[in-house]
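Dumped protein.cif below, it's mmCIF, C-alpha atoms:
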```cif
data_data
loop_
_atom_site.label_atom_id
_atom_site.label_comp_id
_atom_site.auth_asym_id
_atom_site.auth_seq_id
_atom_site.Cartn_x
_atom_site.Cartn_y
_atom_site.Cartn_z
CA MET A 8 174.98 188.95 -0.33
CA SER A 9 176.20 192.45 -0.99
CA GLY A 10 177.26 193.77 -4.38
CA ILE A 11 180.61 195.09 -5.55
CA ALA A 12 181.78 196.77 -8.75
CA GLY A 13 184.71 198.79 -9.98
CA ILE A 14 186.98 199.97 -12.78
CA ALA A 15 190.77 200.15 -12.72
CA GLY A 16 190.84 203.83 -13.63
CA ALA A 17 190.69 207.21 -11.97
CA GLY A 18 187.63 209.44 -12.14
CA ARG A 19 185.22 206.65 -13.08
CA GLN A 20 182.73 207.36 -10.30
CA ARG A 21 179.84 207.96 -12.67
CA ASP A 22 180.43 204.66 -14.48
CA VAL A 23 180.76 202.71 -11.24
CA GLN A 24 177.62 204.32 -9.82
CA ARG A 25 175.70 203.16 -12.90
CA MET A 26 177.06 199.66 -12.31
CA LEU A 27 175.89 199.75 -8.70
CA ASN A 28 172.46 200.95 -9.79
CA ARG A 29 172.06 197.77 -11.84
CA ILE A 30 172.67 195.63 -8.75
CA ALA A 31 171.11 197.88 -6.12
CA HIS A 32 168.70 195.05 -5.27
CA ARG A 33 171.58 193.22 -3.59
CA GLY A 34 171.52 195.67 -0.69
CA GLY A 35 169.50 198.02 1.40
CA GLY A 36 172.24 199.02 3.79
CA GLY A 37 173.71 201.85 1.74
CA GLN A 38 176.08 202.38 -1.19
CA ALA A 39 179.52 203.89 -1.54
CA VAL A 40 181.76 204.84 -4.47
CA PHE A 41 185.34 205.91 -3.85
CA GLU A 42 188.80 205.97 -5.41
CA ILE A 43 192.01 204.35 -4.18
CA ASP A 44 195.33 204.90 -5.99
CA GLY A 45 193.69 205.45 -9.35
CA VAL A 46 191.13 202.64 -9.02
CA THR A 47 187.41 203.45 -8.69
CA LEU A 48 185.49 201.04 -6.45
CA GLY A 49 181.87 200.67 -5.38
CA VAL A 50 179.85 198.59 -2.95
CA VAL A 51 176.19 198.10 -2.09
CA ARG A 52 175.65 196.63 1.36
CA THR A 53 172.85 194.46 2.68
CA ARG A 54 170.89 195.37 5.79
CA ALA A 55 172.59 192.60 7.76
CA GLN A 56 176.09 193.51 6.65
CA ALA A 57 175.62 197.21 7.35
CA ALA A 58 174.59 196.40 10.91
CA ARG A 59 177.87 194.77 11.90
CA PRO A 60 181.55 195.17 10.96
CA ALA A 61 183.02 193.01 8.24
CA LYS A 62 185.70 190.41 8.97
CA THR A 63 187.89 191.33 6.03
CA SER A 64 190.05 194.35 5.30
CA ALA A 65 189.40 194.35 1.55
CA PRO A 66 188.39 197.77 0.22
CA VAL A 67 185.25 196.25 -1.32
CA HIS A 68 183.93 192.78 -0.68
CA ASP A 69 180.92 190.50 -0.79
CA TYR A 70 181.55 188.70 2.49
CA VAL A 71 178.85 186.13 3.21
CA GLY A 72 180.55 184.36 6.10
CA ASP A 73 183.71 182.58 7.16
CA GLY A 74 185.42 181.36 4.02
CA HIS A 75 182.81 182.74 1.59
CA TYR A 76 183.76 185.97 -0.16
CA ALA A 77 184.45 187.91 -3.33
CA GLU A 78 186.75 190.86 -2.96
CA ALA A 79 188.71 193.58 -4.72
CA ARG A 80 191.93 195.08 -3.35
CA VAL A 81 194.31 197.71 -4.65
CA ILE A 82 197.90 196.54 -4.23
CA ASP A 83 200.77 198.66 -5.56
CA ARG A 84 198.25 200.72 -7.55
CA ARG A 85 196.89 197.62 -9.28
CA LEU A 86 193.45 196.08 -8.94
CA HIS A 87 193.44 192.52 -7.57
CA LEU A 88 190.34 190.30 -7.48
CA ALA A 89 189.81 187.15 -5.42
CA ARG A 90 187.02 184.63 -4.89
CA ASP A 91 186.42 181.94 -2.27
CA PRO A 92 187.31 178.30 -3.04
CA LEU A 93 183.71 177.22 -3.64
CA GLY A 94 182.49 180.32 -5.43
CA VAL A 95 179.68 181.02 -2.95
CA SER A 96 180.03 184.72 -3.76
CA PRO A 97 179.87 185.57 -7.50
CA LEU A 98 182.49 187.65 -9.29
CA TYR A 99 182.91 188.58 -12.97
CA TYR A 100 185.47 190.72 -14.80
CA GLY A 101 186.21 192.13 -18.24
CA ARG A 102 187.81 195.02 -20.11
CA ALA A 103 186.20 198.37 -20.81
CA ASP A 104 186.55 199.95 -24.25
CA ASP A 105 189.69 201.74 -23.10
CA GLY A 106 191.20 198.49 -21.85
CA ALA A 107 190.64 199.17 -18.16
CA LEU A 108 189.91 196.13 -16.01
CA CYS A 109 186.37 196.16 -14.60
CA PHE A 110 184.46 193.80 -12.31
CA ALA A 111 181.09 193.27 -10.67
CA SER A 112 179.04 190.80 -8.66
CA GLU A 113 176.56 190.32 -11.52
CA VAL A 114 176.92 190.34 -15.29
CA LYS A 115 174.14 192.91 -15.78
CA ALA A 116 176.26 195.55 -14.06
CA MET A 117 178.96 195.27 -16.74
CA LEU A 118 177.01 195.06 -20.00
CA GLU A 119 177.08 198.82 -20.65
CA ILE A 120 180.86 198.78 -20.28
CA THR A 121 181.88 195.51 -21.94
CA ARG A 122 180.39 192.49 -23.67
CA GLY A 123 183.53 190.43 -23.11
CA ILE A 124 182.81 189.01 -19.68
CA ARG A 125 184.62 186.30 -17.78
CA GLU A 126 183.78 184.56 -14.52
CA LEU A 127 186.60 184.49 -11.99
CA PRO A 128 186.87 180.79 -11.12
CA PRO A 129 186.38 179.73 -7.49
CA GLY A 130 189.52 179.80 -5.41
CA HIS A 131 191.31 182.11 -7.85
CA ARG A 132 192.76 185.60 -7.80
CA PHE A 133 193.31 187.91 -10.75
CA ASP A 134 195.88 190.68 -10.93
CA GLY A 135 194.85 192.08 -14.27
CA GLU A 136 197.02 189.69 -16.23
CA THR A 137 196.92 186.21 -14.71
CA ALA A 138 194.20 184.26 -12.92
CA ASP A 139 195.67 181.62 -10.62
CA ALA A 140 194.64 179.52 -7.63
CA HIS A 141 195.27 180.96 -4.20
CA ALA A 142 195.03 179.89 -0.58
CA PRO A 143 192.07 181.36 1.32
CA PRO A 144 192.92 184.00 3.97
CA ALA A 145 192.32 181.57 6.84
CA GLY A 146 194.66 178.99 5.30
CA GLY A 147 193.76 175.50 4.14
CA GLN A 148 193.50 174.07 0.65
CA ALA A 149 192.74 176.46 -2.18
CA LEU A 150 190.42 174.26 -4.22
CA VAL A 151 188.07 171.37 -3.53
CA GLN A 152 189.93 168.12 -4.08
CA GLU A 153 189.91 164.48 -3.02
CA GLN A 154 191.25 163.76 0.46
CA PRO A 155 192.61 160.58 2.07
CA PRO A 156 189.70 158.87 3.87
CA LEU A 157 189.49 158.83 7.65
CA ASP A 158 189.84 155.51 9.45
CA ASP A 159 188.03 156.51 12.65
CA PRO A 160 185.10 154.40 13.89
CA PRO A 161 181.77 155.47 12.30
CA LEU A 162 180.37 156.75 15.62
CA VAL A 163 183.38 159.01 16.07
CA MET A 164 182.86 160.48 12.60
CA VAL A 165 179.13 160.94 13.22
CA LYS A 166 179.86 162.99 16.36
CA ALA A 167 182.64 164.95 14.70
CA LEU A 168 180.45 165.80 11.72
CA ARG A 169 177.63 167.01 13.94
CA GLY A 170 180.04 169.14 15.92
CA ARG A 171 181.41 170.82 12.80
CA LEU A 172 177.93 171.47 11.46
CA GLU A 173 176.83 172.97 14.79
CA THR A 174 179.84 175.28 14.78
CA ALA A 175 179.30 176.31 11.18
CA VAL A 176 175.68 177.23 11.83
CA ARG A 177 176.43 179.02 15.09
CA LYS A 178 179.06 181.22 13.39
CA CYS A 179 176.37 182.59 11.06
CA ILE A 180 174.00 183.69 13.82
CA CYS A 181 174.38 187.26 15.05
CA GLU A 182 170.84 188.14 16.09
CA ALA A 183 168.22 186.80 18.49
CA ALA A 184 166.15 185.66 15.52
CA ALA A 185 167.14 183.65 12.46
CA GLY A 186 165.49 182.64 9.21
CA ALA A 187 165.69 179.41 7.22
CA TRP A 188 164.40 178.30 3.85
CA LEU A 189 162.69 175.02 4.63
CA SER A 190 161.77 172.41 2.02
CA GLY A 191 161.24 169.66 4.57
CA GLY A 192 164.15 167.74 3.09
CA LEU A 193 167.08 166.56 5.18
CA ASP A 194 169.47 169.37 4.26
CA SER A 195 167.30 172.43 4.88
CA SER A 196 165.83 170.77 7.98
CA THR A 197 169.34 170.17 9.31
CA MET A 198 170.17 173.86 9.04
CA ALA A 199 166.95 174.87 10.81
CA ALA A 200 167.35 172.29 13.57
CA LEU A 201 170.94 173.29 14.32
CA ALA A 202 170.06 176.97 14.38
CA ARG A 203 167.07 176.56 16.71
CA PRO A 204 168.91 176.26 20.07
CA HIS A 205 170.82 179.47 19.44
CA VAL A 206 167.94 181.86 18.76
CA SER A 207 164.87 182.98 20.66
CA LYS A 208 162.85 182.95 17.44
CA LEU A 209 163.33 180.85 14.32
CA CYS A 210 161.41 181.91 11.20
CA THR A 211 161.01 179.23 8.55
CA PHE A 212 159.74 179.68 4.99
CA ALA A 213 158.50 177.15 2.43
CA ALA A 214 157.15 177.35 -1.12
CA GLY A 215 155.34 174.95 -3.39
CA MET A 216 152.17 174.21 -5.27
CA ARG A 217 149.08 173.12 -3.40
CA GLY A 218 149.55 169.54 -2.19
CA ALA A 219 153.31 169.59 -2.79
CA PRO A 220 155.29 167.18 -0.58
CA ASP A 221 157.69 169.93 0.46
CA LEU A 222 154.92 171.94 2.09
CA GLU A 223 153.73 169.05 4.25
CA TYR A 224 157.21 167.97 5.32
CA ALA A 225 158.16 171.58 6.07
CA ARG A 226 155.12 171.90 8.33
CA GLN A 227 156.23 168.80 10.22
CA VAL A 228 159.68 170.23 10.80
CA ALA A 229 158.27 173.62 11.78
CA ARG A 230 155.99 172.04 14.38
CA HIS A 231 158.87 169.95 15.71
CA LEU A 232 161.14 172.99 16.04
CA GLN A 233 158.37 175.35 17.12
CA SER A 234 159.39 177.83 14.47
CA GLU A 235 157.36 180.77 13.21
CA HIS A 236 156.44 179.20 9.90
CA ARG A 237 155.16 180.81 6.72
CA GLU A 238 154.60 179.44 3.25
CA VAL A 239 153.75 180.65 -0.22
CA VAL A 240 151.44 178.40 -2.24
CA VAL A 241 152.06 179.06 -5.92
CA THR A 242 150.16 178.44 -9.13
CA LEU A 243 151.36 178.01 -12.71
CA ASP A 244 150.09 181.49 -13.57
CA GLN A 245 152.11 182.97 -10.71
CA MET A 246 155.23 181.14 -11.82
CA LEU A 247 154.83 182.34 -15.40
CA ALA A 248 154.23 185.90 -14.20
CA VAL A 249 157.43 185.98 -12.15
CA LEU A 250 159.55 184.07 -14.69
CA PRO A 251 161.00 187.16 -16.44
CA LYS A 252 162.18 188.56 -13.09
CA VAL A 253 163.69 185.20 -12.14
CA ILE A 254 165.70 184.99 -15.37
CA TYR A 255 166.78 188.64 -15.08
CA HIS A 256 168.22 188.06 -11.62
CA LEU A 257 169.52 184.55 -12.33
CA GLU A 258 171.30 185.54 -15.56
CA SER A 259 170.87 182.07 -16.99
CA PHE A 260 168.55 180.09 -19.24
CA ASP A 261 169.70 176.65 -18.11
CA ALA A 262 166.40 174.78 -17.93
CA LEU A 263 166.92 172.87 -14.70
CA LEU A 264 168.45 175.86 -12.97
CA VAL A 265 165.64 178.24 -13.95
CA ARG A 266 162.97 175.72 -13.03
CA SER A 267 164.37 175.27 -9.53
CA SER A 268 164.87 179.03 -9.09
CA ILE A 269 161.21 179.99 -9.51
CA THR A 270 160.03 178.73 -6.13
CA ASN A 271 163.36 179.70 -4.55
CA TYR A 272 162.83 183.26 -5.75
CA LEU A 273 159.29 183.33 -4.37
CA VAL A 274 160.24 181.94 -0.96
CA ALA A 275 163.12 184.45 -0.78
CA LYS A 276 160.66 187.27 -1.46
CA LEU A 277 158.51 186.04 1.42
CA ALA A 278 161.47 185.66 3.78
CA ALA A 279 162.76 189.16 3.05
CA GLU A 280 159.59 190.60 4.57
CA TYR A 281 160.55 189.18 7.97
CA VAL A 282 164.32 188.56 8.26
CA PRO A 283 167.56 189.95 6.76
CA GLU A 284 169.33 186.56 6.61
CA VAL A 285 168.38 182.94 6.00
CA PHE A 286 169.96 179.52 6.10
CA SER A 287 169.99 177.41 2.95
CA GLY A 288 170.68 173.67 2.82
CA GLU A 289 172.70 173.92 -0.39
CA GLY A 290 175.74 171.65 -0.55
CA GLY A 291 174.45 168.71 1.49
CA ASP A 292 173.63 166.55 -1.53
CA GLU A 293 177.02 167.12 -3.11
CA LEU A 294 179.09 166.45 0.01
CA PHE A 295 177.10 163.49 1.34
CA ALA A 296 175.92 161.79 -1.88
CA GLY A 297 172.26 162.74 -1.93
CA TYR A 298 171.49 162.19 -5.62
CA GLU A 299 169.93 158.96 -6.85
CA TYR A 300 172.35 158.45 -9.76
CA LEU A 301 175.28 158.28 -7.33
CA LYS A 302 174.06 154.90 -6.06
CA SER A 303 174.84 153.36 -9.45
CA LEU A 304 178.50 154.38 -9.35
CA PRO A 305 181.21 151.97 -8.19
CA GLN A 306 182.10 152.95 -4.64
CA GLU A 307 185.68 153.77 -5.56
CA GLN A 308 184.44 156.39 -8.05
CA LEU A 309 182.17 158.20 -5.59
CA PRO A 310 184.77 160.52 -3.95
CA ALA A 311 185.90 161.92 -7.30
CA GLU A 312 182.31 162.42 -8.45
CA LEU A 313 181.41 164.26 -5.26
CA VAL A 314 184.41 166.55 -5.67
CA ASP A 315 183.36 167.20 -9.26
CA ILE A 316 179.75 168.12 -8.52
CA THR A 317 180.74 170.18 -5.48
CA SER A 318 183.19 172.12 -7.65
CA ARG A 319 180.39 172.83 -10.15
CA LEU A 320 178.06 174.44 -7.63
CA HIS A 321 179.39 177.96 -8.13
CA ASN A 322 177.51 178.81 -11.34
CA THR A 323 174.56 176.48 -10.95
CA ALA A 324 172.91 175.80 -7.57
CA LEU A 325 174.93 178.39 -5.65
CA GLN A 326 174.06 180.94 -8.31
CA ARG A 327 170.38 180.13 -7.68
CA VAL A 328 170.85 180.67 -3.95
CA ASP A 329 172.79 183.91 -4.41
CA ARG A 330 170.46 185.47 -6.98
CA SER A 331 167.23 184.39 -5.29
CA ALA A 332 168.41 185.90 -2.01
CA SER A 333 170.09 188.97 -3.47
CA ALA A 334 167.07 189.86 -5.60
CA HIS A 335 165.39 190.73 -2.31
CA GLY A 336 168.37 192.06 -0.35
CA LEU A 337 168.75 188.88 1.69
CA VAL A 338 171.93 187.17 2.83
CA ALA A 339 171.80 183.37 2.43
CA HIS A 340 174.15 181.30 4.58
CA VAL A 341 175.26 177.92 3.23
CA ALA A 342 176.75 176.36 6.35
CA PHE A 343 177.19 172.95 4.72
CA LEU A 344 179.89 174.65 2.66
CA ASP A 345 181.75 176.08 5.64
CA PRO A 346 185.45 175.29 4.97
CA GLU A 347 185.76 173.12 8.10
CA VAL A 348 182.67 171.10 7.15
CA VAL A 349 183.78 170.68 3.53
CA ASP A 350 187.27 169.58 4.55
CA TYR A 351 185.88 166.98 6.95
CA ALA A 352 183.11 165.78 4.64
CA LEU A 353 185.57 165.09 1.84
CA ARG A 354 187.50 162.78 4.18
CA ILE A 355 184.47 160.71 5.21
CA PRO A 356 184.68 157.30 3.48
CA ALA A 357 182.28 156.68 0.61
CA GLU A 358 180.74 153.65 2.34
CA LEU A 359 179.41 155.92 5.11
CA LYS A 360 177.74 158.27 2.63
CA ILE A 361 175.80 155.60 0.76
CA ARG A 362 175.22 152.63 3.05
CA ASP A 363 172.84 149.74 2.37
CA GLY A 364 171.32 151.77 -0.46
CA VAL A 365 170.59 154.79 1.79
CA GLU A 366 172.00 158.09 0.59
CA LYS A 367 173.53 160.56 3.07
CA TRP A 368 173.66 157.83 5.71
CA ILE A 369 176.20 159.56 7.95
CA LEU A 370 174.34 162.89 7.83
CA ARG A 371 171.12 161.13 8.84
CA ARG A 372 172.92 159.56 11.79
CA ALA A 373 174.46 162.91 12.76
CA MET A 374 170.98 164.43 12.95
CA ASP A 375 169.38 161.49 14.76
CA GLY A 376 167.19 162.79 17.57
CA LEU A 377 167.00 166.36 16.24
CA LEU A 378 164.43 165.82 13.49
CA PRO A 379 161.15 163.91 13.08
CA GLU A 380 161.73 160.35 11.86
CA SER A 381 159.62 161.00 8.76
CA VAL A 382 161.97 163.79 7.73
CA LEU A 383 165.15 162.08 8.91
CA ASN A 384 164.38 159.14 6.63
CA ARG A 385 162.86 161.09 3.72
CA ARG A 386 164.43 160.23 0.39
CA LYS A 387 165.83 162.91 -1.91
CA ALA A 388 163.41 164.79 -4.18
CA LYS A 389 164.63 167.28 -6.78
CA PHE A 390 163.97 170.85 -5.70
CA TRP A 391 161.24 171.50 -8.27
CA GLU A 392 159.67 168.06 -7.79
CA GLY A 393 159.34 168.44 -4.03
CA ALA A 394 157.79 171.86 -4.59
CA GLY A 395 155.25 170.31 -6.95
CA VAL A 396 156.49 172.12 -10.06
CA GLY A 397 157.35 168.88 -11.85
CA GLY A 398 157.07 169.15 -15.61
CA LEU A 399 154.59 172.04 -15.69
CA MET A 400 157.04 174.52 -17.17
CA ALA A 401 158.21 172.01 -19.77
CA GLN A 402 154.62 171.21 -20.70
CA HIS A 403 153.80 174.90 -21.04
CA ALA A 404 156.75 175.42 -23.39
CA ASP A 405 155.94 172.31 -25.46
CA GLU A 406 152.42 173.59 -26.03
CA ARG A 407 153.59 177.00 -27.25
CA ILE A 408 156.76 176.37 -29.26
CA GLY A 409 156.36 174.43 -32.49
CA ASP A 410 158.78 172.01 -34.10
CA ASP A 411 159.89 174.46 -36.79
CA GLU A 412 160.57 177.21 -34.25
CA PHE A 413 162.57 174.87 -32.09
CA ARG A 414 164.70 173.60 -34.95
CA ARG A 415 165.31 177.14 -36.20
CA GLU A 416 166.25 178.70 -32.86
CA ARG A 417 167.89 175.96 -30.85
CA ARG A 418 171.43 176.57 -32.18
CA LEU A 419 173.03 179.59 -30.52
CA PRO A 420 175.81 181.74 -32.06
CA ASN A 421 178.41 180.31 -29.67
CA GLY A 422 177.68 176.72 -30.74
CA TRP A 423 175.53 175.73 -27.80
CA ILE A 424 172.49 173.61 -28.57
CA LEU A 425 169.33 174.20 -26.57
CA ASN A 426 168.10 170.82 -25.42
CA THR A 427 164.38 171.43 -24.95
CA ARG A 428 161.61 173.84 -25.81
CA GLU A 429 161.58 174.80 -22.14
CA GLU A 430 165.18 175.96 -22.43
CA LEU A 431 164.32 177.91 -25.60
CA MET A 432 161.46 179.62 -23.76
CA TYR A 433 163.90 180.71 -21.05
CA CYS A 434 166.53 181.73 -23.62
CA ARG A 435 164.06 184.03 -25.36
CA ILE A 436 163.38 185.84 -22.09
CA PHE A 437 167.11 186.01 -21.39
CA ARG A 438 167.66 187.72 -24.75
CA GLU A 439 164.93 190.24 -24.02
CA HIS A 440 166.85 191.28 -20.94
CA PHE A 441 170.44 191.06 -22.13
CA GLY A 442 170.39 190.94 -25.94
CA ASP A 443 172.29 188.46 -28.08
CA LEU A 444 175.57 187.78 -26.31
CA ALA A 445 178.07 185.98 -28.51
CA ASP A 446 180.21 184.94 -25.54
CA LEU A 447 178.43 182.98 -22.82
CA SER A 448 181.49 181.25 -21.38
CA TRP A 449 180.68 182.74 -17.97
CA MET A 450 177.33 180.93 -17.78
CA GLY A 451 177.11 177.55 -16.10
CA ARG A 452 175.02 174.65 -17.36
CA THR A 453 173.77 171.68 -15.40
CA LYS A 454 176.07 168.67 -15.55
CA GLY A 455 174.85 166.08 -18.04
CA ALA A 456 173.18 168.59 -20.36
CA PRO A 457 175.14 168.73 -23.66
CA SER A 458 176.25 172.28 -24.37
CA ILE A 459 178.04 172.19 -27.73
CA ASP A 460 177.04 170.60 -31.01
CA VAL A 461 179.81 168.17 -31.95
CA SER A 462 178.09 166.65 -34.98
#
```
Written as structure tokens, that's how I'd like the structure from this file.
Amino acid sequence: MSGIAGIAGAGRQRDVQRMLNRIAHRGGGGQAVFEIDGVTLGVVRTRAQAARPAKTSAPVHDYVGDGHYAEARVIDRRLHLARDPLGVSPLYYGRADDGALCFASEVKAMLEITRGIRELPPGHRFDGETADAHAPPAGGQALVQEQPPLDDPPLVMVKALRGRLETAVRKCICEAAAGAWLSGGLDSSTMAALARPHVSKLCTFAAGMRGAPDLEYARQVARHLQSEHREVVVTLDQMLAVLPKVIYHLESFDALLVRSSITNYLVAKLAAEYVPEVFSGEGGDELFAGYEYLKSLPQEQLPAELVDITSRLHNTALQRVDRSASAHGLVAHVAFLDPEVVDYALRIPAELKIRDGVEKWILRRAMDGLLPESVLNRRKAKFWEGAGVGGLMAQHADERIGDDEFRRERRLPNGWILNTREELMYCRIFREHFGDLADLSWMGRTKGAPSIDVS
């Protein structure tokens, strides 16, 4: 993911350069600051993006792949911002002290200019006055929404799904070698397996604590695919040491999000030493009903729930993917969220996603024959559980934050209530980086975690 920033004013090159300096980690392929019709724009490019021409004509853009983008254009001397329908690429905006509209890929780039920051919602554009939904450049629906179910035979849908996934993965490959984050779960293994036939060398990367299930399953997949496999075995001390950097890049103190980002950050650091781009399996659980709680829902409620959790990815799990990759100048491709795959997945009937108590049934059938049976039939494990992190971070926080401290500090100025000592531990680090921000409306929180005290 590249980085973009800008201010709707002339002669603001110095300000925009400072903004780019705060997000310079997002690239490695060069920076540029320039002015168009009284608007000052800046971009930092990744190694991969600098090596090939972009597929968009926007003056500055974070273009991850087909259908995934954040961009800024100058139209009739006015700055216009736009973001892809799923929010794969981040984009924030605000007003400088003089009222000029400003924007950036990360919040940290804007804090010297404004403390009033807003996130541009997925699938929206902003013209300086109004943020509204828009159709993506390639056409299609603007936002994720429920679709009428298909009535094709299951085997037809299995083949069609596999074909769309193969196409989505193939579109992301531009070199003879490719990288993939590999947890050994169905989703990341699917991405690696579909990429393998199209490259001469596949590099896979895994992270976890010693004895973690993810490491063993990832090794199985790597052997099956004959990939060049590397892993980072982490300890609690290593996780605590890197925690401040993780929170700085993540720009969040949401407990579940931070916990899952620690190993993601570490495996991204490893991958960046060998490849400029990686595949991530993000989105598979949301589109194909991979979470355990979904099995308890009435079948008729499943499509709406999947739309809801897919729509929430932009400032939770997709933020983890973006910031973990961008912290090391990587581009992370999320081919499950290719527009063609999303559109088709939302039309697959609920009974083919959870069938006979098996989650992601149709995805398992689509990958039949391409993965080891042990991986094909592996049940879902939360990211931090599969990596062996479990409750170690929570336990560490519980041992170091007393009851009185927790009661005194858990209420934030904006009304949010911190749910656990672990979250307070992360919030303290967040404040060390960014200060006390009264407005945190741009920050996502994991669904199900209460965010406002209503007592």
request  = To verify the selection step, state as an MDAnalysis selection string which residues the PyMOL selection byres ((chain A and resi 369) around 10) yields on this input.
outcome  = chainID A and resid 161:162 164:166 168:169 295 352 355:362 365:368 370:375
Just give me the residues with any atom within 12 Å of (186.9, 169.8, 0.8), file coordinates, counting all atoms listed in the file, written as a PDB file with C-alpha atoms, in the coordinates of the input.
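The new file part.pdb reads:
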```
ATOM      1  CA  PRO A  92     187.310 178.300  -3.040  1.00  0.00           C
ATOM      2  CA  LEU A  93     183.710 177.220  -3.640  1.00  0.00           C
ATOM      3  CA  GLY A 147     193.760 175.500   4.140  1.00  0.00           C
ATOM      4  CA  GLN A 148     193.500 174.070   0.650  1.00  0.00           C
ATOM      5  CA  ALA A 149     192.740 176.460  -2.180  1.00  0.00           C
ATOM      6  CA  LEU A 150     190.420 174.260  -4.220  1.00  0.00           C
ATOM      7  CA  VAL A 151     188.070 171.370  -3.530  1.00  0.00           C
ATOM      8  CA  GLN A 152     189.930 168.120  -4.080  1.00  0.00           C
ATOM      9  CA  GLU A 153     189.910 164.480  -3.020  1.00  0.00           C
ATOM     10  CA  GLN A 154     191.250 163.760   0.460  1.00  0.00           C
ATOM     11  CA  PRO A 155     192.610 160.580   2.070  1.00  0.00           C
ATOM     12  CA  PRO A 156     189.700 158.870   3.870  1.00  0.00           C
ATOM     13  CA  GLY A 290     175.740 171.650  -0.550  1.00  0.00           C
ATOM     14  CA  GLU A 293     177.020 167.120  -3.110  1.00  0.00           C
ATOM     15  CA  LEU A 294     179.090 166.450   0.010  1.00  0.00           C
ATOM     16  CA  PHE A 295     177.100 163.490   1.340  1.00  0.00           C
ATOM     17  CA  PRO A 310     184.770 160.520  -3.950  1.00  0.00           C
ATOM     18  CA  ALA A 311     185.900 161.920  -7.300  1.00  0.00           C
ATOM     19  CA  LEU A 313     181.410 164.260  -5.260  1.00  0.00           C
ATOM     20  CA  VAL A 314     184.410 166.550  -5.670  1.00  0.00           C
ATOM     21  CA  ASP A 315     183.360 167.200  -9.260  1.00  0.00           C
ATOM     22  CA  ILE A 316     179.750 168.120  -8.520  1.00  0.00           C
ATOM     23  CA  THR A 317     180.740 170.180  -5.480  1.00  0.00           C
ATOM     24  CA  SER A 318     183.190 172.120  -7.650  1.00  0.00           C
ATOM     25  CA  PHE A 343     177.190 172.950   4.720  1.00  0.00           C
ATOM     26  CA  LEU A 344     179.890 174.650   2.660  1.00  0.00           C
ATOM     27  CA  ASP A 345     181.750 176.080   5.640  1.00  0.00           C
ATOM     28  CA  PRO A 346     185.450 175.290   4.970  1.00  0.00           C
ATOM     29  CA  GLU A 347     185.760 173.120   8.100  1.00  0.00           C
ATOM     30  CA  VAL A 348     182.670 171.100   7.150  1.00  0.00           C
ATOM     31  CA  VAL A 349     183.780 170.680   3.530  1.00  0.00           C
ATOM     32  CA  ASP A 350     187.270 169.580   4.550  1.00  0.00           C
ATOM     33  CA  TYR A 351     185.880 166.980   6.950  1.00  0.00           C
ATOM     34  CA  ALA A 352     183.110 165.780   4.640  1.00  0.00           C
ATOM     35  CA  LEU A 353     185.570 165.090   1.840  1.00  0.00           C
ATOM     36  CA  ARG A 354     187.500 162.780   4.180  1.00  0.00           C
ATOM     37  CA  ILE A 355     184.470 160.710   5.210  1.00  0.00           C
TER      38      ILE A 355
END
```
key: Explicit residues for the PyMOL selection byres ((chain A and resi 194-209) around 9) (as a count of residues only)   = 43
request  = I would like the residues chosen by the PyMOL selection byres ((chain A and resi 86) around 10) on the shown file; could you give them as a VMD selection string?
outcome  = chain A and resid 13 to 16 43 to 48 79 to 85 87 to 88 108 to 110 133 to 135
inquiry  = When you count all atoms listed in the file, which of these residues is closest to Val282 of chain A: A:Arg217, A:Arg327, A:Arg54, A:Lys302?
reply    =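 Under the stated criterion, the closest residue is A:Arg54.
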ask   = How far is it from atom CA of Asn421 of chain A to atom CA of Ser333 of chain A, in Å with one decimal?
value = 28.8 Å
request  = Point out the residue among A:Ala401, A:Leu304, A:Leu447, A:Ala219 with the least atom-to-atom distance to Asn426 of chain A, counting only C-alpha atoms.
outcome  =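 Nearest to Asn426 of chain A: A:Ala401.
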request  = Step by step: start from the point (163.0, 175.8, -33.8) in the file's coordinates, keep every protein, DNA or RNA residue that has an atom no farther than 12 Å from it, count only C-alpha atoms, and write the set as a list in words.
outcome  = Asp405, Arg407, Ile408, Gly409, Asp410, Asp411, Glu412, Phe413, Arg414, Arg415, Glu416, Arg417, Arg418, Leu419, Ile424, Leu425, Asn426, Thr427, Arg428, Glu429, Glu430, Leu431, Met432 and Arg435 of chain A
ask   = Given the choices A:Leu222, A:Met117, A:Met8, A:Met26, which gets closest to Asp329 of chain A if the distance is worked out from all atoms listed in the file?
value =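 Looking at the shortest contact to Asp329 of chain A, the residue is A:Met8.
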query = atom CA of Arg452 of chain A and atom CA of Ala116 of chain A are how many Å apart?
reply = 21.2 Å
Can I get segment 172-176 of chain A with N, CA and C atoms filled in, as a compact mmCIF listing (two decimals), in the coordinates of the input?
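And here's selection_36.txt as it stands now:
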```
# COMPACT_ATOMS: atom_id res chain seq x y z
N LEU A 172 179.13 170.83 11.98
CA LEU A 172 177.93 171.47 11.46
C LEU A 172 177.35 172.46 12.47
N GLU A 173 177.33 172.07 13.75
CA GLU A 173 176.83 172.97 14.79
C GLU A 173 177.66 174.25 14.83
N THR A 174 178.97 174.11 14.75
CA THR A 174 179.84 175.28 14.78
C THR A 174 179.63 176.17 13.57
N ALA A 175 179.49 175.55 12.41
CA ALA A 175 179.30 176.31 11.18
C ALA A 175 178.01 177.12 11.22
N VAL A 176 176.95 176.52 11.73
CA VAL A 176 175.68 177.23 11.83
C VAL A 176 175.76 178.34 12.87
```
